[in-house]
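What follows is a set of notes on a single structure, which appears directly below.
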Number of protein chains: 2
Amino acid sequence: MRRPPVNREKVTIAVVAKQAGVSKGLVSFALNDRPGVAAETRARILQVATELGWKPSLRARSLSTQRSFALGFVIARNPDVLASDPFFTSFIAGVESILTDQGRTLVLSVVPDEAREVKTYRSLVADGRVDGVFLSDLRHNDPRIPLLSELGLPAVTLGRPDGDSPFPAVSVDDSPGITASVAHLVTLGHRRIAHVAGNSALLHGSRRREAFAAALRDAGLPEGQTVETDFSMADGSDATRRLLTQDRPPTAIVFANDPMAIAGLGVAHELGIRVPEDLSITGYDDIDFSRYVYPPLTTVSAAPMVWGRAAATTLLALMENGTADDVDLPAARLVIRGSTAPPLNPW
Amino acid sequence: MRRPPVNREKVTIAVVAKQAGVSKGLVSFALNDRPGVAAETRARILQVATELGWKPSLRARSLSTQRSFALGFVIARNPDVLASDPFFTSFIAGVESILTDQGRTLVLSVVPDEAREVKTYRSLVADGRVDGVFLSDLRHNDPRIPLLSELGLPAVTLGRPDGDSPFPAVSVDDSPGITASVAHLVTLGHRRIAHVAGNSALLHGSRRREAFAAALRDAGLPEGQTVETDFSMADGSDATRRLLTQDRPPTAIVFANDPMAIAGLGVAHELGIRVPEDLSITGYDDIDFSRYVYPPLTTVSAAPMVWGRAAATTLLALMENGTADDVDLPAARLVIRGSTAPPLNPW
DNA sequence: CTGAAAGCGCTTACAG
DNA sequence: CTGAAAGCGCTTACAG
């Protein structure tokens with residue numbers, strides 16, 4: 001039961017042109033909405049094109065326009081940290097929801113270190129794989145910014161870089177969430193509040209740390225103990241253990257992300273320290289796990305899907321118009337759940 | 001301090017050919033290791049190419065060879081379930097570790113439902129975006145298999161499908177891990193063991209469920225209570241609550257994945273049921289969280305990175321040779337941690 | 001407003 | 001073993 005051998009000919013722009021009685025160039029103009037095609041001619045061409053079921057070849061367009069109609073996302077993280085951080089998955093889901101309708105695709109690269117990262121950007125450009133990229137996990141004086149700028153690859157940064165940047169930034173301010181967390185703890189009566197910070201080489205790591213320090217100052221409290229980590233659960237666990245096994249442990253800990261807060265919760269349980277009675281804990285990101293651990297985590301909710309959409313929209317606009325404004329997304333907000341309460345021994 | 005205006009000319013195959021004193025065709029042959037080029041000529045051509053820093057244009061190759069040098073991965077999952085499942089991220093990291101050195105990239109699509117899924121595969125093919133795809137989350141009589149087969153797109157399935165399939169399968173048997181979990185619980189003295197199963201529309205969901213039932217039978221135990229879920233933490237939480245608030249609750253629960261087990265752990269804590277004293281819990285996947293919750297989770301470890309590598313290797317081999325053998329990866333193994341213990345009230 | 005032609009940068013029969 | 005030419009399927013100045 002094979003199909004009848006009707007029109008085995010592949011339908012290209014040439015057959016559309018012939019069928020419509022015009023030149024290939026005109027078909028191209030009509031397709032791309034370029035001026036200089038009589039409305040009537042245009043309509044006829046498009047009509048013929050749909051009848052024939054013609055879809056312009058992406059590959060041919062790519063070659064002649066020197067574009068790939070794809071966007072890139074290079075993630076340089078140790079796979080463990082990456083896997084336990086649902087942020088990226090949600091962010092990507094947001095990006096995809098925009099790209100799909102634009103006929104664009106996402107090229108994803110996961111690389112183990114910075115050397116690979118540079119190589120990846122270079123070959124993405126050399127091969128013309130992408131027309132623009134998302135820059136996440138911004139670092140201090142991020143070397144990727146001059147790199148991409150030199151390579152001429154449009155980009156959008158997730159958050160505002162600390163140095164000069166020719167690229168639009170789509171940001172969610174890190175401070176308000178941390179500030180609100182500290183304020184919440186202070187209101188509950190906590191005075192000895194510690195911070196399990198993220199990697200300070202990363203902008204959001206150090207910004208959360210600074211916001212923490214500033215919030216304590218504003219509350220008139222002495223400097224809080226701060227332990228730096230690489231954002232991993234392993235480090236978060238170690239840091240918590242160190243904090244809790246000292247002579248005068250903190251009554252509350254502000255964690256720089258949820259996975260570490262959850263690891264910290266585990267350590268507290270293990271040490272027989274009750275949360276929230278003996279110890280209050282706050283996280284950051286509001287990942288799904290936070291709601292389901294016990295006690296459910298008080299944390300900061302940043303809406304990564306929305307972020308992904310905004311970043312994609314901005315990057316597309318940048319590529320379309322050559323310029324795009326910075327976008328400031330609503331600040332992340334504190335979600336109060338069961339892991340925070342007044343301290344039993346307020347001093 | 002601008003560069004001297006040496007050779008602003010873009011180096012293409014034509015300039016390499018001219019420089020080497022041969023035709024473009026010959027350069028192409030030399031580059032692609034095709035027979036019919038004198039060894040000496042070949043060497044000279046390659047020499048000139050490196051001197052000039054020539055890199056063949058991927059776009060041009062794509063157009064003439066009708067290939068994209070990219071692989072695709074379409075994930076159809078509700079974003080919540082996806083985000084809390086580190087499996088994919090690790091799997092992808094494994095895939096990338098293979099692709100990078102092959103000059104291939106990964107095109108990732110995250111789609112919300114099956115309708116979008118089909119559209120995505122079709123447009124990936126129509127646009128020639130990918131040369132092959134990974135098929136995960138296999139379903140019963142998976143419609144994607146005939147679809148891809150009809151579209152002529154090479155694929156590798158993660159796990160063995162239940163129907164006919166023209167594609168190689170790269171599998172990790174689901175049964176041994178579940179069997180080992182049940183055996184472990186039975187050895188500890190448990191008799192009332194329940195199962196929080198995954199989505200039975202998914203092959204791994206129903207296979208784990210069947211393995212669970214079979215393991216109970218083998219142990220000479222009566223049928224265990226089984227609650228079906230969609231693999232989400234929300235469902236896992238509900239299911240656990242239902243199981244634990246009955247008259248004669250189980251003394252152990254085997255969860256179909258780790259996020260649900262962790263949600264179940266939270267519910268037990270909340271209900272004042274001690275784990276592992278009053279209730280033993282096992283998970284599946286050994287995600288990073290499992291090690292850091294309290295008590296740490298007894299679970300089944302499946303090495304998703306390794307799986308990703310094997311799947312990528314197999315898909316590349318399939319595309320290279322037109323055929324590739326099935327691969328059976330080592331069975332996932334049980335990792336015993338603190339969430340399982342003998343029941344306090346063995347009956 | 002429209003056509004014919006060259007160009008994007010490779011690969012691949014086809015001759016020799 | 002090698003060369004010249006056509007082809008992949010579009011886009012884009014350039015003429016008219």
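Letters A, B, ... go to the chains of the structure tokens in the order shown; residues in each chain start at 1; ligands are counted from 1 in the same order.
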Neighbours of chain B in chain D at 12 Å, counting only C-alpha atoms (C1' of nucleotides), as a list in words:
DC1, DT2, DG3, DA4, DA5, DG7, DC8, DG9 and DC10 of chain D
Write down, as a ChimeraX atom specification, each residue of chain A that has any atom within 8 Å of an atom of chain B, counting only C-alpha atoms.
/A:57-60,62-63,79-80,82-90,92-93,96-97,105-111,127-128,233-234,237,259,262-263,265-267,269-270,287-289,292-295
As a ChimeraX atom specification, please: every residue in range 167-242 of chain B that DSSP puts in strand (DSSP E or B).
/B:169-171,193-197,202,226-228
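Distances here use only C-alpha atoms; by that measure, the residue among A:Thr340, A:Thr157, A:Asn32, A:Ser175 closest to Thr314 in chain A is A:Thr157.
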Mind listing the helix (DSSP H, G or I) residues of range 133-201 of chain A, per DSSP on the backbone, as a PyMOL selection string?
chain A and resi 144-151+175-188
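Between CA of Ala155 in chain B and CA of Val133 in chain B there is a distance of 4.8 Å.
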Could you build a table of the residues in range 29-112 of chain A lying no more than 9 Å from range 136-139 of chain A, giving for each the nearest pair of atoms and their separation in Å rounded to one decimal place, using only C-alpha atoms, ordered by chain and ascending residue number, as a tab-separated table?
residue	atom	partner	partner_atom	distance
A:Phe73	CA	A:Ser136	CA	8.4
A:Val74	CA	A:Ser136	CA	8.3
A:Ile75	CA	A:Ser136	CA	7.5
A:Ala76	CA	A:Asp137	CA	8.4
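For Ala14 in chain A, the set of protein, DNA and RNA residues having any atom at most 9 Å away, when counting only C-alpha atoms (C1' of nucleotides) and skipping those fewer than 2 positions along the same chain, is Val11, Thr12, Val16, Ala17, Lys18, Gln19, Ser23, Lys24 and Val27 of chain A; DG9 of chain D.
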Keeping only all heavy atoms, write the selected residues as a PDB file, in the first residue's frame.
ATOM      1  N   VAL A  11       9.815  20.159  -3.059  1.00  0.00           N
ATOM      2  CA  VAL A  11       9.380  21.512  -3.336  1.00  0.00           C
ATOM      3  C   VAL A  11      10.319  22.538  -2.703  1.00  0.00           C
ATOM      4  O   VAL A  11      10.461  22.612  -1.497  1.00  0.00           O
ATOM      5  CB  VAL A  11       7.907  21.723  -2.924  1.00  0.00           C
ATOM      6  CG1 VAL A  11       7.515  20.786  -1.815  1.00  0.00           C
ATOM      7  CG2 VAL A  11       7.627  23.153  -2.536  1.00  0.00           C
ATOM      8  N   THR A  12      10.944  23.283  -3.595  1.00  0.00           N
ATOM      9  CA  THR A  12      11.892  24.320  -3.162  1.00  0.00           C
ATOM     10  C   THR A  12      11.359  25.659  -3.644  1.00  0.00           C
ATOM     11  O   THR A  12      10.311  25.736  -4.286  1.00  0.00           O
ATOM     12  CB  THR A  12      13.261  24.098  -3.807  1.00  0.00           C
ATOM     13  OG1 THR A  12      13.133  24.338  -5.205  1.00  0.00           O
ATOM     14  CG2 THR A  12      13.748  22.687  -3.558  1.00  0.00           C
ATOM     15  N   VAL A  16       8.173  26.791  -6.405  1.00  0.00           N
ATOM     16  CA  VAL A  16       7.140  27.763  -6.037  1.00  0.00           C
ATOM     17  C   VAL A  16       7.159  28.912  -7.042  1.00  0.00           C
ATOM     18  O   VAL A  16       6.115  29.366  -7.528  1.00  0.00           O
ATOM     19  CB  VAL A  16       7.360  28.306  -4.613  1.00  0.00           C
ATOM     20  CG1 VAL A  16       6.387  29.436  -4.316  1.00  0.00           C
ATOM     21  CG2 VAL A  16       7.205  27.199  -3.598  1.00  0.00           C
ATOM     22  N   ALA A  17       8.378  29.376  -7.341  1.00  0.00           N
ATOM     23  CA  ALA A  17       8.525  30.495  -8.270  1.00  0.00           C
ATOM     24  C   ALA A  17       7.932  30.144  -9.629  1.00  0.00           C
ATOM     25  O   ALA A  17       7.147  30.905 -10.201  1.00  0.00           O
ATOM     26  CB  ALA A  17      10.006  30.853  -8.412  1.00  0.00           C
ATOM     27  N   LYS A  18       8.290  28.991 -10.119  1.00  0.00           N
ATOM     28  CA  LYS A  18       7.798  28.583 -11.431  1.00  0.00           C
ATOM     29  C   LYS A  18       6.271  28.516 -11.424  1.00  0.00           C
ATOM     30  O   LYS A  18       5.597  29.083 -12.290  1.00  0.00           O
ATOM     31  CB  LYS A  18       8.382  27.219 -11.804  1.00  0.00           C
ATOM     32  CG  LYS A  18       7.995  26.793 -13.204  1.00  0.00           C
ATOM     33  CD  LYS A  18       9.011  25.877 -13.831  1.00  0.00           C
ATOM     34  CE  LYS A  18       8.780  24.450 -13.361  1.00  0.00           C
ATOM     35  NZ  LYS A  18       9.627  23.485 -14.043  1.00  0.00           N
ATOM     36  N   GLN A  19       5.763  27.853 -10.414  1.00  0.00           N
ATOM     37  CA  GLN A  19       4.319  27.676 -10.295  1.00  0.00           C
ATOM     38  C   GLN A  19       3.595  29.030 -10.231  1.00  0.00           C
ATOM     39  O   GLN A  19       2.523  29.199 -10.804  1.00  0.00           O
ATOM     40  CB  GLN A  19       4.022  26.875  -9.016  1.00  0.00           C
ATOM     41  CG  GLN A  19       2.587  26.431  -8.896  1.00  0.00           C
ATOM     42  CD  GLN A  19       2.339  25.178  -9.725  1.00  0.00           C
ATOM     43  OE1 GLN A  19       3.230  24.701 -10.444  1.00  0.00           O
ATOM     44  NE2 GLN A  19       1.141  24.651  -9.666  1.00  0.00           N
ATOM     45  N   SER A  23      10.019  35.073 -10.299  1.00  0.00           N
ATOM     46  CA  SER A  23      11.389  34.641 -10.064  1.00  0.00           C
ATOM     47  C   SER A  23      11.558  34.180  -8.611  1.00  0.00           C
ATOM     48  O   SER A  23      10.753  34.507  -7.753  1.00  0.00           O
ATOM     49  CB  SER A  23      12.345  35.796 -10.329  1.00  0.00           C
ATOM     50  OG  SER A  23      12.175  36.783  -9.336  1.00  0.00           O
ATOM     51  N   LYS A  24      12.614  33.451  -8.384  1.00  0.00           N
ATOM     52  CA  LYS A  24      12.880  32.991  -7.022  1.00  0.00           C
ATOM     53  C   LYS A  24      13.046  34.167  -6.076  1.00  0.00           C
ATOM     54  O   LYS A  24      12.577  34.144  -4.933  1.00  0.00           O
ATOM     55  CB  LYS A  24      14.172  32.151  -6.993  1.00  0.00           C
ATOM     56  CG  LYS A  24      14.098  30.880  -7.782  1.00  0.00           C
ATOM     57  CD  LYS A  24      15.288  29.983  -7.484  1.00  0.00           C
ATOM     58  CE  LYS A  24      16.609  30.628  -7.870  1.00  0.00           C
ATOM     59  NZ  LYS A  24      17.784  29.843  -7.451  1.00  0.00           N
ATOM     60  N   VAL A  27       9.848  35.444  -4.790  1.00  0.00           N
ATOM     61  CA  VAL A  27       9.262  34.567  -3.768  1.00  0.00           C
ATOM     62  C   VAL A  27       9.924  34.852  -2.425  1.00  0.00           C
ATOM     63  O   VAL A  27       9.256  34.976  -1.393  1.00  0.00           O
ATOM     64  CB  VAL A  27       9.468  33.080  -4.142  1.00  0.00           C
ATOM     65  CG1 VAL A  27       8.966  32.184  -3.019  1.00  0.00           C
ATOM     66  CG2 VAL A  27       8.760  32.763  -5.447  1.00  0.00           C
TER      67      VAL A  27
ATOM     68  P    DG D   9      17.644  21.085  -2.130  1.00  0.00           P
ATOM     69  OP1  DG D   9      16.789  20.197  -1.320  1.00  0.00           O
ATOM     70  OP2  DG D   9      17.602  21.017  -3.609  1.00  0.00           O
ATOM     71  O5'  DG D   9      17.332  22.582  -1.736  1.00  0.00           O
ATOM     72  C5'  DG D   9      17.391  22.930  -0.370  1.00  0.00           C
ATOM     73  C4'  DG D   9      17.373  24.437  -0.250  1.00  0.00           C
ATOM     74  O4'  DG D   9      18.585  24.987  -0.803  1.00  0.00           O
ATOM     75  C3'  DG D   9      16.229  25.132  -0.987  1.00  0.00           C
ATOM     76  O3'  DG D   9      15.688  26.093  -0.122  1.00  0.00           O
ATOM     77  C2'  DG D   9      16.918  25.799  -2.160  1.00  0.00           C
ATOM     78  C1'  DG D   9      18.236  26.158  -1.518  1.00  0.00           C
ATOM     79  N9   DG D   9      19.314  26.461  -2.435  1.00  0.00           N
ATOM     80  C8   DG D   9      19.478  26.006  -3.718  1.00  0.00           C
ATOM     81  N7   DG D   9      20.557  26.472  -4.299  1.00  0.00           N
ATOM     82  C5   DG D   9      21.151  27.273  -3.333  1.00  0.00           C
ATOM     83  C6   DG D   9      22.336  28.045  -3.379  1.00  0.00           C
ATOM     84  O6   DG D   9      23.131  28.169  -4.317  1.00  0.00           O
ATOM     85  N1   DG D   9      22.573  28.711  -2.186  1.00  0.00           N
ATOM     86  C2   DG D   9      21.762  28.637  -1.075  1.00  0.00           C
ATOM     87  N2   DG D   9      22.144  29.336  -0.001  1.00  0.00           N
ATOM     88  N3   DG D   9      20.637  27.916  -1.018  1.00  0.00           N
ATOM     89  C4   DG D   9      20.396  27.272  -2.172  1.00  0.00           C
TER      90       DG D   9
END
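By chain and then residue number, the residues within 7 Å of Val254 in chain A are Ala194, His195, Val196, Ile281, Thr282 and Gly283 of chain A, counting only C-alpha atoms (C1' of nucleotides) and disregarding those fewer than 5 positions away in sequence.
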